[in-house]
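Below is the file data_6.cif, which contains mmCIF, C-alpha atoms and all ligand atoms.
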data_data
loop_
_atom_site.label_atom_id
_atom_site.label_comp_id
_atom_site.auth_asym_id
_atom_site.auth_seq_id
_atom_site.Cartn_x
_atom_site.Cartn_y
_atom_site.Cartn_z
CA MET A 116 0.00 0.00 0.00
CA LYS A 117 1.25 3.47 -0.89
CA THR A 118 2.27 5.55 2.08
CA GLU A 119 2.33 9.34 1.93
CA ARG A 120 4.81 11.56 3.70
CA GLY A 121 4.62 11.47 7.46
CA GLY A 122 3.03 8.03 7.62
CA TRP A 123 -0.33 9.05 6.14
CA GLN A 124 -2.07 6.77 3.69
CA PRO A 125 -5.32 7.08 1.79
CA LEU A 126 -7.76 4.30 2.68
CA ARG A 127 -10.91 3.02 1.09
CA ARG A 128 -13.91 2.85 3.37
CA GLU A 129 -13.94 -0.93 3.57
CA GLN A 130 -10.24 -0.97 4.50
CA LEU A 131 -10.88 1.39 7.39
CA ILE A 132 -13.07 -1.07 9.22
CA GLN A 133 -10.12 -3.45 9.49
CA GLU A 134 -7.43 -0.85 10.06
CA LEU A 135 -8.76 1.31 12.86
CA VAL A 136 -7.72 0.21 16.32
CA HIS A 137 -9.11 1.31 19.63
CA ASP A 138 -7.41 4.26 21.13
CA SER A 139 -4.92 3.56 23.88
CA TYR A 140 -3.47 7.05 23.97
CA LYS A 141 -1.24 7.39 27.04
CA THR A 142 -2.60 4.19 28.53
CA LYS A 143 -0.19 1.70 27.00
CA ARG A 144 0.35 -0.17 30.23
CA LYS A 145 -2.43 -2.38 31.41
CA LEU A 146 -4.86 -0.63 33.74
CA ALA A 147 -5.94 -2.11 37.03
CA GLU A 148 -9.63 -2.98 37.22
CA PRO A 149 -11.83 -1.29 38.04
CA THR A 150 -10.36 2.12 37.28
CA ARG A 151 -12.37 5.33 37.26
CA CYS A 152 -11.48 8.40 35.17
CA PRO A 153 -11.50 11.39 37.55
CA ASP A 154 -12.32 13.80 34.68
CA CYS A 155 -15.36 12.20 33.03
CA GLY A 156 -16.29 9.40 35.43
CA ALA A 157 -15.99 6.59 32.87
CA VAL A 158 -15.10 3.22 34.37
CA TYR A 159 -12.56 0.76 33.00
CA HIS A 160 -13.79 -2.78 33.54
CA ASP A 161 -13.47 -6.07 31.62
CA GLY A 162 -10.89 -4.45 29.36
CA ARG A 163 -13.03 -1.53 28.18
CA TRP A 164 -14.24 1.90 29.23
CA THR A 165 -17.95 2.19 29.95
CA TRP A 166 -20.31 4.61 31.65
CA GLY A 167 -21.15 3.28 35.06
CA THR A 168 -20.63 3.60 38.75
CA ALA A 169 -17.23 2.62 40.07
CA PRO A 170 -17.22 0.62 43.27
CA ALA A 171 -15.66 2.21 46.35
CA GLY A 172 -11.90 1.84 46.28
CA ALA A 173 -11.65 1.83 42.48
CA HIS A 174 -8.31 2.95 41.05
CA GLU A 175 -8.13 6.35 39.40
CA ALA A 176 -6.56 7.12 36.02
CA ARG A 177 -7.47 9.47 33.21
CA CYS A 178 -9.10 7.75 30.23
CA PRO A 179 -7.56 8.11 26.74
CA ALA A 180 -10.29 10.56 25.66
CA CYS A 181 -9.69 12.87 28.63
CA HIS A 182 -5.94 12.65 28.04
CA ARG A 183 -6.51 13.86 24.47
CA VAL A 184 -8.81 16.66 25.61
CA HIS A 185 -6.27 17.68 28.24
CA ASP A 186 -3.41 17.61 25.70
CA ARG A 187 -5.54 19.18 22.93
CA PHE A 188 -4.42 16.33 20.69
CA PRO A 189 -7.31 14.92 18.64
CA ALA A 190 -7.27 11.42 17.11
CA GLY A 191 -9.76 12.35 14.39
CA TYR A 192 -10.16 15.39 12.14
CA VAL A 193 -13.27 15.71 9.99
CA THR A 194 -13.04 18.55 7.49
CA LEU A 195 -16.33 19.61 5.89
CA LYS A 196 -16.22 21.91 2.88
CA GLY A 197 -18.10 23.14 -0.14
CA ALA A 198 -20.93 25.40 -1.29
CA PHE A 199 -23.59 22.95 -0.06
CA LEU A 200 -22.05 23.03 3.40
CA GLY A 201 -22.31 26.81 3.33
CA THR A 202 -26.06 26.70 2.75
CA HIS A 203 -26.81 23.69 5.01
CA ARG A 204 -24.32 24.27 7.78
CA ASP A 205 -26.72 24.17 10.76
CA GLU A 206 -28.47 21.06 9.52
CA ILE A 207 -25.19 19.23 8.87
CA LEU A 208 -23.68 20.20 12.23
CA HIS A 209 -26.87 19.04 13.93
CA LEU A 210 -26.35 15.64 12.32
CA VAL A 211 -22.70 15.65 13.45
CA ARG A 212 -23.65 16.36 17.07
CA HIS A 213 -26.43 13.80 16.98
CA ARG A 214 -23.94 11.21 15.73
CA GLU A 215 -21.64 11.98 18.64
CA ALA A 216 -24.46 11.71 21.19
CA THR A 217 -25.44 8.29 19.85
CA GLU A 218 -21.87 6.96 19.88
CA LYS A 219 -20.92 8.46 23.21
CA ALA A 220 -23.91 6.90 24.95
CA ASP A 221 -22.33 3.46 24.50
CA HIS A 222 -18.67 4.37 24.04
CA PRO A 223 -17.25 6.93 26.51
CA LEU A 224 -14.10 7.44 24.44
CA GLU A 225 -16.02 8.64 21.37
CA ARG A 226 -16.33 12.39 21.79
CA ILE A 227 -16.18 15.60 19.80
CA MET A 228 -13.42 17.87 21.05
CA ALA A 229 -14.24 20.97 19.02
CA ILE A 230 -16.20 22.23 16.02
CA GLU A 231 -14.32 25.13 14.47
CA ASP A 232 -14.48 27.27 11.36
CA SER A 233 -11.47 26.81 9.12
CA GLY A 234 -11.91 29.67 6.68
CA ASP A 235 -13.56 27.78 3.84
CA GLY A 236 -15.18 25.06 5.94
CA VAL A 237 -15.62 23.45 9.31
CA VAL A 238 -13.25 21.14 11.18
CA VAL A 239 -14.63 18.70 13.71
CA THR A 240 -12.03 17.12 15.98
CA THR A 241 -12.67 13.90 17.88
CA THR A 242 -11.07 11.88 20.66
CA ASP A 243 -11.17 8.65 18.65
CA THR A 244 -10.78 7.67 15.00
CA HIS A 245 -13.99 5.61 15.02
CA LEU A 246 -16.14 8.64 15.73
CA ALA A 247 -14.40 10.61 12.95
CA ARG A 248 -15.17 7.77 10.53
CA ASN A 249 -18.78 7.55 11.75
CA ILE A 250 -19.33 11.27 11.33
CA GLY A 251 -17.92 11.17 7.81
CA GLU A 252 -20.08 8.18 6.91
CA ALA A 253 -23.21 9.77 8.40
CA VAL A 254 -22.76 13.06 6.53
CA HIS A 255 -22.04 11.18 3.30
CA ALA A 256 -25.06 8.89 3.76
CA ALA A 257 -27.35 11.85 4.36
CA TYR A 258 -26.00 14.34 1.85
CA LYS A 259 -23.85 12.37 -0.65
CA GLY A 260 -20.84 14.44 -1.81
CA GLU A 261 -17.19 13.33 -1.82
CA LEU A 262 -15.73 11.43 1.14
CA GLU A 263 -12.05 10.59 1.66
CA PHE A 264 -10.08 9.00 4.47
CA HIS A 265 -6.39 9.35 5.29
CA TYR A 266 -5.04 7.22 8.09
CA ASN A 267 -1.81 7.42 10.05
CA LYS A 268 -1.39 3.95 11.48
CA GLU A 269 1.74 4.75 13.49
CA GLU A 270 -0.05 7.36 15.54
CA ASN A 271 -3.60 6.10 15.07
CA LEU A 272 -4.82 9.39 13.60
CA LEU A 273 -7.57 9.69 11.01
CA ARG A 274 -8.31 12.58 8.69
CA VAL A 275 -11.71 12.59 6.99
CA HIS A 276 -12.51 15.01 4.17
CA TRP A 277 -16.04 15.58 3.02
CA THR A 278 -16.87 18.01 0.23
CA ARG A 279 -20.11 19.04 -1.36
ZN ZN B 301 -12.22 10.42 31.07
#

Will you turn the file into structure tokens for me?
Amino acid sequence: MKTERGGWQPLRREQLIQELVHDSYKTKRKLAEPTRCPDCGAVYHDGRWTWGTAPAGAHEARCPACHRVHDRFPAGYVTLKGAFLGTHRDEILHLVRHREATEKADHPLERIMAIEDSGDGVVVTTTDTHLARNIGEAVHAAYKGELEFHYNKEENLLRVHWTR
């Protein structure tokens, strides 16, 4: 597979499903169980982070998503551009936020970090690559347009570009 400069490679949508791994940002060593994130309250149990109540005496460690928020270092970047975006911005961003709410309900590490104007478009940053992919897929499914993915496997970063 062709690799671009800096470890980025373009991926087809079906490749992404196999390539994306779960984020372990700053939590490479195995966490004790149960562990509670002091920032968001998510609980690490049975090898995954979930929303729940930690038992008394649970360990404390920041989850990967809160580490990324704290470091301002997103895993996913979704860039939305084009004339159609300009005229349907509110509607599209509503869909983006709805997508996050749905994902986050089951997966505490799937969060939007920021939605910012980028001059000729909007950039949505996320704490996990899966949410970036899901947002791109959802916008494309609803509004068609052009959708591209660029993945950096070394650092587990995903860039999604949608244009219409
Ligand atoms: Zn957290």

Can you work out which one of A:Ile207, A:Gly197, A:Gln133, A:Arg144 has the shortest atom-to-atom distance to Gly234 in chain A, counting only C-alpha atoms?
-> A:Gly197

Excluding Leu126 in chain A and residues on its chain fewer than 3 positions from it, collect all residues at most 12 Å away from it, counting only C-alpha atoms, and give them as a ChimeraX atom specification.
-> /A:116-119,123,129-135,248,262-268,273-276

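The gap separating CA of Asp161 in chain A from CA of His137 in chain A is 14.7 Å, in Å to one decimal.
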
Could you check which of A:Gly167, A:Gly191, A:Pro223, A:Gly122 is closest to ligand ZN 301 (chain B), using all atoms listed in the file?
-> A:Pro223

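Between CA of Ala180 in chain A and CA of Lys141 in chain A the separation is 9.7 Å.
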
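You can rank A:Arg212, A:Arg183, A:Arg127, A:Arg151 by their closest distance to Thr242 in chain A using all atoms listed in the file, and at the top of that list sits A:Arg183.
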
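If you look at CA of Thr241 in chain A and CA of Arg187 in chain A, they are 10.2 Å away from each other.
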
Counting all atoms listed in the file, what residues are within 12 Å of ligand ZN 301 (chain B), given as a count of residues only?
-> 33

So which residues touch Asp138 in chain A within 8 Å, counting all atoms listed in the file, skipping near sequence neighbours fewer than 6 positions away, as a ChimeraX atom specification?
-> /A:179,243-244,271

Could you tell me, as an NGL selection string, which residues have any atom at most 8 Å from (-14.4, 18.1, 6.2), counting all atoms listed in the file?
-> :A and (192-196 or 236-239 or 251 or 275-278)

Between A:Ala173, A:Leu146, A:Ala190, A:Ala253, which is the closest to Glu269 in chain A once you count only C-alpha atoms?
-> A:Ala190

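Minimum atom-to-atom distance to His255 in chain A, evaluated using only C-alpha atoms, belongs to A:Arg279 out of A:Arg279, A:Arg214, A:Gly172, A:Gly201.
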
May I have the centre and edge lengths, in Å to one decimal, of an axis-aligned box around the listed atoms of range 187-200 of chain A with 4 Å added to every side, as JSON?
{"center_x": -14.0, "center_y": 18.4, "center_z": 10.8, "size_x": 27.2, "size_y": 22.0, "size_z": 32.2}

Of the listed residues A:Glu206, A:Gly162, A:Arg128, A:Ala147, that which approaches Asn249 in chain A most closely, counting all atoms listed in the file = A:Arg128

Assuming the input is short of atoms at range 159-172 of chain A, produce N, CA, C and O atoms for that part as a short mmCIF file (atom, residue, chain, number, x, y, z; two decimals), in the coordinates of the input.
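Ended up saving to out00.cif:
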data_model
loop_
_atom_site.label_atom_id
_atom_site.label_comp_id
_atom_site.auth_asym_id
_atom_site.auth_seq_id
_atom_site.Cartn_x
_atom_site.Cartn_y
_atom_site.Cartn_z
N TYR A 159 -13.24 1.79 33.77
CA TYR A 159 -12.56 0.76 33.00
C TYR A 159 -12.80 -0.58 33.68
O TYR A 159 -12.43 -0.78 34.84
N HIS A 160 -13.43 -1.50 32.96
CA HIS A 160 -13.79 -2.78 33.54
C HIS A 160 -13.92 -3.80 32.41
O HIS A 160 -14.41 -3.47 31.34
N ASP A 161 -13.45 -5.03 32.66
CA ASP A 161 -13.47 -6.07 31.62
C ASP A 161 -12.78 -5.60 30.34
O ASP A 161 -13.23 -5.91 29.23
N GLY A 162 -11.70 -4.83 30.50
CA GLY A 162 -10.89 -4.45 29.36
C GLY A 162 -11.45 -3.33 28.51
O GLY A 162 -10.96 -3.07 27.41
N ARG A 163 -12.51 -2.65 28.97
CA ARG A 163 -13.03 -1.53 28.18
C ARG A 163 -13.61 -0.44 29.08
O ARG A 163 -13.95 -0.69 30.23
N TRP A 164 -13.68 0.76 28.50
CA TRP A 164 -14.24 1.90 29.23
C TRP A 164 -15.74 1.95 28.99
O TRP A 164 -16.19 1.88 27.84
N THR A 165 -16.49 2.08 30.07
CA THR A 165 -17.95 2.19 29.95
C THR A 165 -18.44 3.27 30.90
O THR A 165 -17.71 3.70 31.79
N TRP A 166 -19.68 3.71 30.69
CA TRP A 166 -20.31 4.61 31.65
C TRP A 166 -20.89 3.74 32.76
O TRP A 166 -21.57 2.77 32.49
N GLY A 167 -20.62 4.08 33.97
CA GLY A 167 -21.15 3.28 35.06
C GLY A 167 -20.69 3.85 36.38
O GLY A 167 -20.05 4.90 36.43
N THR A 168 -21.02 3.15 37.43
CA THR A 168 -20.63 3.60 38.75
C THR A 168 -19.48 2.73 39.23
O THR A 168 -19.59 1.50 39.24
N ALA A 169 -18.39 3.37 39.58
CA ALA A 169 -17.23 2.62 40.07
C ALA A 169 -17.47 2.23 41.52
O ALA A 169 -18.00 3.02 42.29
N PRO A 170 -17.10 1.02 41.87
CA PRO A 170 -17.22 0.62 43.27
C PRO A 170 -16.25 1.43 44.14
O PRO A 170 -15.26 1.97 43.64
N ALA A 171 -16.56 1.52 45.42
CA ALA A 171 -15.66 2.21 46.35
C ALA A 171 -14.29 1.56 46.27
O ALA A 171 -14.18 0.34 46.12
N GLY A 172 -13.26 2.38 46.31
CA GLY A 172 -11.90 1.84 46.28
C GLY A 172 -11.37 1.57 44.87
O GLY A 172 -10.31 0.99 44.70
#
